[in-house]
Amino acid sequence: MTNTDIADEVKMLIGQNIIGSSPLLGQGKLFNAVNAFTGVDLPTQFRSATFADVEEATRLAWEAYAAFRDTDSGHRALFLGNIADEIEQSGDELISMAEAETGLSKSRLSAERARTVKQLRLFAQEVAVGNHLGLRLDAADPDRRPISKPELRLRNIGVGPVVVFGASNFPFAMSVAGGDTASAFAAGCPVIVKAHSAHPGTSEFVGKAVSRAVRKSQMPPGIFSMLFDAGFEIGQALVNDPRIQAVGFTGSRRGGLALLDIAAKRKRPIPVYAEMSSINPVILLPAALENRGVDIGKAFARSLTLGAGQFCTNPGLILAMEGPGLAKFRKGAIEAIHSSPAQTMLTPGILHAYRAGVTKLAEHWRVDQLVRGSEGRDNEATPALFETDADALMRYPELQDEVFGAAGLIVRCSNMNELLDSLVRLEGQLTVSLHVDQADYEAATEIIPSIESLAGRLIVNDFATGVEVSHAMVHGGPYPATSDGRATSVGTLAINRFLRPVSYQDFPSELLPRPFTAGPA
C-alpha cells in the first residue's frame with residue numbers, strides 16, 4: 001500500500017470495528033473521541049460493538065486458532081514483519097491523529113511508533129529462531145530397570161484466542177498492535193483487541209494496518225478482530241467468552257481487578273496479565289546525595305514531568321535519609337519543578353483523577369507541599385512535589401496510592417533501618433531506582449535483597465521512564481504492579497504469557513508435530 005493510499009484511508013475513517021480482519025460498522029452506542037487540547041469532540045463518530053459482534057469475533061478466532069497455532073515459524077515471523085512494515089509506512093497522518101486524540105507530542109508519538117515497529121520485528125526474529133518453542137527431548141531407555149524409560153518430547157503451543165485491552169497512555173506501543181498483541185501473535189494466538197475509547201481513530205487506522213498484514217501474509221482472517229466499546233459491557237463479554245483463553249491488560253488497578261474477577265469466576269478460569277499500579281520508588285543514598293544531590297534532583301524532575309507524568313514507570317516516591325544531601329536534592333528538584341509548565345493530559349477523566357490525587361496529598365495532615373509547577377489552562381495538569389516522613393508512610397497506606405501524573409512524594413528516613421522498614425511496607429512495583437556512589441556500595445548491598453523482592457526491574461543511577469524493548473527486559477512486578485509478577489509485558493519473554501507446554505510420549509515420527517521433524521524454520 002502506498003503512502004497516498006494510506007493517507008486516503010485515514011481520511012476515510014468512519015468508525016469501523018474490525019471482525020475477522022474485515023471492517024464493519026458497529027450497531028452499538030455512539031461516541032466521539034475528544035480533542036485532548038481543546039476538550040471538543042472530534043468529528044468522526046464511532047459505534048460500539050454488540051454482543052453479536054463479540055460472538056462472531058470469538059467464533060472466528062477459535063476457528064482460526066488451530067491453523068494459526070501450527071503455522072511454521074518463518075511464516076509467522078513474516079506476518080509480524082508485515083505488520084511492522086504497514087505501521088512504519090503510515091506517514092504523518094497517523095501521528096497527527098494520535099496527537100489530537102491523546103495530547104502527546106509529535107516527537108513522542110514518532111518515537112513510540114518506532115518502538116512499536118521495533119518490538120514487532122524483535123518478536124519476528126525471536127519466532128524465526130524458534131526460541132519460543134522450548135523444544136526438549138528426553139531419550140528413551142528401554143533397558144532401564146526396574147521400569148523402562150519412555151521417550152518424551154516437549155514443546156510450547158499458543159494457549160488460544162487472547163483478548164488485548166489497549167492502554168490510554170501508549171496508543172501505539174501498548175495498544176492495537178502493541179506488545180500484548182505482538183507477543184500473542186508470536187505465540188500463535190489469535191487476538192481480539194478491545195480498542196481504547198480515548199484514541200479510537202488511531203486504533204481504527206492501526207487495526208486496518210494489521211488487517212492488511214493478515215491478508216498480505218495469507219493468514220487466516222479470524223486471527224484478528226478489533227472492537228469498540230463506549231462502556232464496559234463489550235470488554236466484559238469478551239473476557240467471559242469461553243473461547244477466550246487469556247487476557248492482556250494495561251490500565252488502572254480498578255479495571256484490572258474487575259477483569260481478574262470475571263476471569264476467575266468463569267467455569268474454566270483463565271489468566272489475566274494485568275499491569276495495574278506502580279509508584280516506582282527511588283532510593284537516594286547519602287554519598288550520592290552529598291556529591292550529586294542538586295543534579296539528581298533536576299534529573300528526577302525531568303523524569304517526573306516527562307509526558308505529563310503519564311508513564312507507568314513514573315518515579316512517584318523518593319526514599320532518602322535526612323541530611324545536607326537531601327537538602328541539595330530538594331533544591332534541584334524544587335527549582336526544576338517550579339519552572340515546569342503545565343501539560344495536557346490524555347483524557348478529561350485522567351486529568352480529573354490526577355487533580356483529585358494531588359488535592360488528597362496536599363490536604364493530608366502529615367504531608368507538606370514543597371512546590372507546584374506553572375499554572376496552565378483548564379485542561380492542563382500542573383506538576384507537584386510533596387514531602388512526608390517514614391513514620392507517616394508506614395502509618396497511612398493511602399500515601400502509597402498511585403497518582404497517575406507528574407506528582408511525587410519525598411519520604412524522609414532518619415536512618416538505614418527506617419529506610420529498610422519503609423521498603424518492607426511497600427506494595428509490589430514495576431521498578432525501583434537506586435542512586436549510589438562508591439561510598440554507598442556497602443549500604444546498597446544491604447538494600448538490594450529487599451528491592452529484588454519488591455520489583456521486576458532494578459535501576460542504578462538513572463530513572464525508570466525509559467523501557468528498553470529487548471531480550472533481558474522485565475516490565476512487570478509483584479502485585480499490584482501486575483497481576484502475575486512472573487510475567488513481563490515488554491521484551492521477548494512476553495511471549496511466554498500466551499504459551500503452555502505439551503509433552504509427547506512415545507510418538508512415532510509420523511505423528512510428531514512439525515517443530516520436531518522440520519526445525520523452527
# chains A, B, ... in the order shown; residues from 1 in each chain; ligands from 1
>>> select_by_dssp(residues="range 208-372 of chain A", states="strand (DSSP E or B)", output="PyMOL selection string")
chain A and resi 224-227+246-250+272-275+281-284+317-321+343-344+368-372
>>> write_last_selection(atoms="N, CA, C and O atoms", output="JSON list (two decimals), in the first residue's frame")
[["chain", "number", "residue", "atom", "x", "y", "z"],
["A", 224, "PHE", "N", -7.52, -11.94, 13.75],
["A", 224, "PHE", "CA", -7.52, -10.57, 14.26],
["A", 224, "PHE", "C", -8.90, -9.94, 14.17],
["A", 224, "PHE", "O", -9.54, -9.96, 13.12],
["A", 225, "SER", "N", -9.33, -9.37, 15.29],
["A", 225, "SER", "CA", -10.52, -8.53, 15.34],
["A", 225, "SER", "C", -10.24, -7.37, 16.28],
["A", 225, "SER", "O", -9.35, -7.45, 17.15],
["A", 226, "MET", "N", -10.98, -6.29, 16.12],
["A", 226, "MET", "CA", -10.86, -5.11, 16.99],
["A", 226, "MET", "C", -12.24, -4.53, 17.21],
["A", 226, "MET", "O", -12.94, -4.20, 16.25],
["A", 227, "LEU", "N", -12.64, -4.42, 18.47],
["A", 227, "LEU", "CA", -13.99, -3.97, 18.80],
["A", 227, "LEU", "C", -13.93, -2.70, 19.65],
["A", 227, "LEU", "O", -13.10, -2.58, 20.56],
["A", 246, "ALA", "N", -6.92, -16.20, 27.40],
["A", 246, "ALA", "CA", -6.03, -15.34, 28.19],
["A", 246, "ALA", "C", -6.36, -13.89, 27.88],
["A", 246, "ALA", "O", -6.98, -13.58, 26.85],
["A", 247, "VAL", "N", -5.90, -13.00, 28.77],
["A", 247, "VAL", "CA", -6.17, -11.57, 28.63],
["A", 247, "VAL", "C", -4.90, -10.78, 28.90],
["A", 247, "VAL", "O", -4.14, -11.09, 29.83],
["A", 248, "GLY", "N", -4.65, -9.76, 28.08],
["A", 248, "GLY", "CA", -3.58, -8.80, 28.32],
["A", 248, "GLY", "C", -4.20, -7.43, 28.58],
["A", 248, "GLY", "O", -5.06, -6.98, 27.80],
["A", 249, "PHE", "N", -3.78, -6.78, 29.65],
["A", 249, "PHE", "CA", -4.41, -5.51, 30.05],
["A", 249, "PHE", "C", -3.35, -4.57, 30.60],
["A", 249, "PHE", "O", -2.47, -4.98, 31.37],
["A", 250, "THR", "N", -3.43, -3.29, 30.24],
["A", 250, "THR", "CA", -2.63, -2.23, 30.85],
["A", 250, "THR", "C", -3.58, -1.10, 31.20],
["A", 250, "THR", "O", -4.27, -0.57, 30.33],
["A", 272, "VAL", "N", -5.25, -13.56, 33.56],
["A", 272, "VAL", "CA", -5.29, -12.16, 33.14],
["A", 272, "VAL", "C", -3.94, -11.54, 33.48],
["A", 272, "VAL", "O", -3.56, -11.49, 34.65],
["A", 273, "TYR", "N", -3.22, -11.12, 32.47],
["A", 273, "TYR", "CA", -1.92, -10.49, 32.68],
["A", 273, "TYR", "C", -2.15, -8.98, 32.66],
["A", 273, "TYR", "O", -2.19, -8.34, 31.61],
["A", 274, "ALA", "N", -2.33, -8.44, 33.87],
["A", 274, "ALA", "CA", -2.73, -7.04, 34.01],
["A", 274, "ALA", "C", -1.61, -6.23, 34.63],
["A", 274, "ALA", "O", -1.10, -6.57, 35.69],
["A", 275, "GLU", "N", -1.22, -5.16, 33.95],
["A", 275, "GLU", "CA", -0.32, -4.16, 34.54],
["A", 275, "GLU", "C", -1.21, -3.06, 35.10],
["A", 275, "GLU", "O", -1.98, -2.44, 34.37],
["A", 281, "PRO", "N", 9.49, 3.41, 43.38],
["A", 281, "PRO", "CA", 10.33, 4.09, 44.37],
["A", 281, "PRO", "C", 11.74, 4.38, 43.86],
["A", 281, "PRO", "O", 12.33, 3.60, 43.10],
["A", 282, "VAL", "N", 12.26, 5.51, 44.32],
["A", 282, "VAL", "CA", 13.63, 5.93, 44.03],
["A", 282, "VAL", "C", 14.35, 6.06, 45.37],
["A", 282, "VAL", "O", 13.90, 6.81, 46.24],
["A", 283, "ILE", "N", 15.45, 5.33, 45.55],
["A", 283, "ILE", "CA", 16.20, 5.35, 46.80],
["A", 283, "ILE", "C", 17.48, 6.17, 46.59],
["A", 283, "ILE", "O", 18.26, 5.89, 45.67],
["A", 284, "LEU", "N", 17.66, 7.16, 47.43],
["A", 284, "LEU", "CA", 18.83, 8.05, 47.33],
["A", 284, "LEU", "C", 19.73, 7.81, 48.54],
["A", 284, "LEU", "O", 19.32, 8.06, 49.68],
["A", 317, "LEU", "N", 7.75, 8.13, 44.19],
["A", 317, "LEU", "CA", 8.13, 8.08, 45.60],
["A", 317, "LEU", "C", 9.65, 8.15, 45.73],
["A", 317, "LEU", "O", 10.36, 7.39, 45.07],
["A", 318, "ILE", "N", 10.13, 9.05, 46.58],
["A", 318, "ILE", "CA", 11.56, 9.20, 46.85],
["A", 318, "ILE", "C", 11.82, 8.80, 48.30],
["A", 318, "ILE", "O", 11.17, 9.33, 49.22],
["A", 319, "LEU", "N", 12.75, 7.89, 48.53],
["A", 319, "LEU", "CA", 13.14, 7.50, 49.88],
["A", 319, "LEU", "C", 14.60, 7.92, 50.10],
["A", 319, "LEU", "O", 15.48, 7.53, 49.33],
["A", 320, "ALA", "N", 14.84, 8.72, 51.14],
["A", 320, "ALA", "CA", 16.20, 9.21, 51.39],
["A", 320, "ALA", "C", 16.35, 9.53, 52.87],
["A", 320, "ALA", "O", 15.38, 9.87, 53.56],
["A", 321, "MET", "N", 17.60, 9.45, 53.34],
["A", 321, "MET", "CA", 17.87, 9.81, 54.73],
["A", 321, "MET", "C", 18.07, 11.32, 54.85],
["A", 321, "MET", "O", 18.70, 11.94, 54.00],
["A", 343, "GLN", "N", 0.88, 20.70, 31.55],
["A", 343, "GLN", "CA", 0.82, 19.92, 30.32],
["A", 343, "GLN", "C", -0.56, 19.30, 30.14],
["A", 343, "GLN", "O", -1.27, 19.02, 31.10],
["A", 344, "THR", "N", -0.91, 19.10, 28.88],
["A", 344, "THR", "CA", -2.17, 18.44, 28.53],
["A", 344, "THR", "C", -2.09, 16.98, 28.93],
["A", 344, "THR", "O", -1.09, 16.31, 28.68],
["A", 368, "ASP", "N", 3.59, 17.72, 53.54],
["A", 368, "ASP", "CA", 3.87, 19.12, 53.21],
["A", 368, "ASP", "C", 4.03, 19.27, 51.70],
["A", 368, "ASP", "O", 4.70, 18.45, 51.06],
["A", 369, "GLN", "N", 3.42, 20.28, 51.15],
["A", 369, "GLN", "CA", 3.63, 20.59, 49.74],
["A", 369, "GLN", "C", 4.89, 21.43, 49.59],
["A", 369, "GLN", "O", 5.02, 22.48, 50.21],
["A", 370, "LEU", "N", 5.82, 20.97, 48.75],
["A", 370, "LEU", "CA", 7.08, 21.69, 48.55],
["A", 370, "LEU", "C", 7.01, 22.66, 47.39],
["A", 370, "LEU", "O", 7.57, 23.76, 47.46],
["A", 371, "VAL", "N", 6.35, 22.27, 46.30],
["A", 371, "VAL", "CA", 6.34, 23.13, 45.12],
["A", 371, "VAL", "C", 5.24, 22.68, 44.17],
["A", 371, "VAL", "O", 4.86, 21.51, 44.13],
["A", 372, "ARG", "N", 4.71, 23.65, 43.43],
["A", 372, "ARG", "CA", 3.82, 23.38, 42.30],
["A", 372, "ARG", "C", 4.44, 24.03, 41.08],
["A", 372, "ARG", "O", 5.09, 25.08, 41.16]]
>>> residues_around(residues="His196 in chain A", least_positions_apart="6", cutoff="8 Å", atoms="only C-alpha atoms", output="PDB file with N, CA and C atoms, in the first residue's frame")
ATOM      1  N   PHE A 165      -6.521  -5.473  25.851  1.00  0.00           N
ATOM      2  CA  PHE A 165      -7.126  -4.171  26.139  1.00  0.00           C
ATOM      3  C   PHE A 165      -6.083  -3.084  25.890  1.00  0.00           C
ATOM      4  N   GLY A 166      -6.381  -2.184  24.950  1.00  0.00           N
ATOM      5  CA  GLY A 166      -5.453  -1.110  24.632  1.00  0.00           C
ATOM      6  C   GLY A 166      -5.281  -0.158  25.801  1.00  0.00           C
ATOM      7  N   ALA A 167      -4.070   0.410  25.935  1.00  0.00           N
ATOM      8  CA  ALA A 167      -3.757   1.343  27.018  1.00  0.00           C
ATOM      9  C   ALA A 167      -3.946   2.773  26.554  1.00  0.00           C
ATOM     10  N   SER A 168      -4.386   3.636  27.461  1.00  0.00           N
ATOM     11  CA  SER A 168      -4.620   5.032  27.095  1.00  0.00           C
ATOM     12  C   SER A 168      -3.320   5.779  26.832  1.00  0.00           C
ATOM     13  N   SER A 175      -1.086  -0.803  22.548  1.00  0.00           N
ATOM     14  CA  SER A 175      -2.468  -0.698  22.100  1.00  0.00           C
ATOM     15  C   SER A 175      -2.741  -1.753  21.030  1.00  0.00           C
ATOM     16  N   SER A 203      -6.776   3.861  16.750  1.00  0.00           N
ATOM     17  CA  SER A 203      -6.984   2.409  16.833  1.00  0.00           C
ATOM     18  C   SER A 203      -7.523   1.851  15.519  1.00  0.00           C
ATOM     19  N   PHE A 228     -14.834  -1.784  19.369  1.00  0.00           N
ATOM     20  CA  PHE A 228     -15.000  -0.575  20.179  1.00  0.00           C
ATOM     21  C   PHE A 228     -16.028  -0.832  21.279  1.00  0.00           C
ATOM     22  N   ASP A 229     -15.891  -0.065  22.345  1.00  0.00           N
ATOM     23  CA  ASP A 229     -16.804  -0.200  23.474  1.00  0.00           C
ATOM     24  C   ASP A 229     -16.872   1.141  24.186  1.00  0.00           C
TER      25      ASP A 229
END
>>> atom_distance(atom1="CA of Pro515 in chain A", atom2="CA of Gln119 in chain A")
24.1 Å
>>> residues_around(residues="range 329-333 of chain A", least_positions_apart="5", cutoff="12 Å", atoms="only C-alpha atoms", output="PyMOL selection string")
chain A and resi 284-286+288-305+318-324+338-340+369-373+383-387+407-412+435
>>> atom_distance(atom1="CA of Phe463 in chain A", atom2="CA of Leu419 in chain A")
19.1 Å
>>> residues_around(residues="Val490 in chain A", least_positions_apart="4", cutoff="10 Å", atoms="only C-alpha atoms", output="list in words")
Gln119, Ala173, Met174, Gly178, Gly179, Asp180, Ser183, Val467, Glu468, Val469, Ser470, His471, Ala472, Met473, Val474, His475, Gly476, Ala494 and Ile495 of chain A
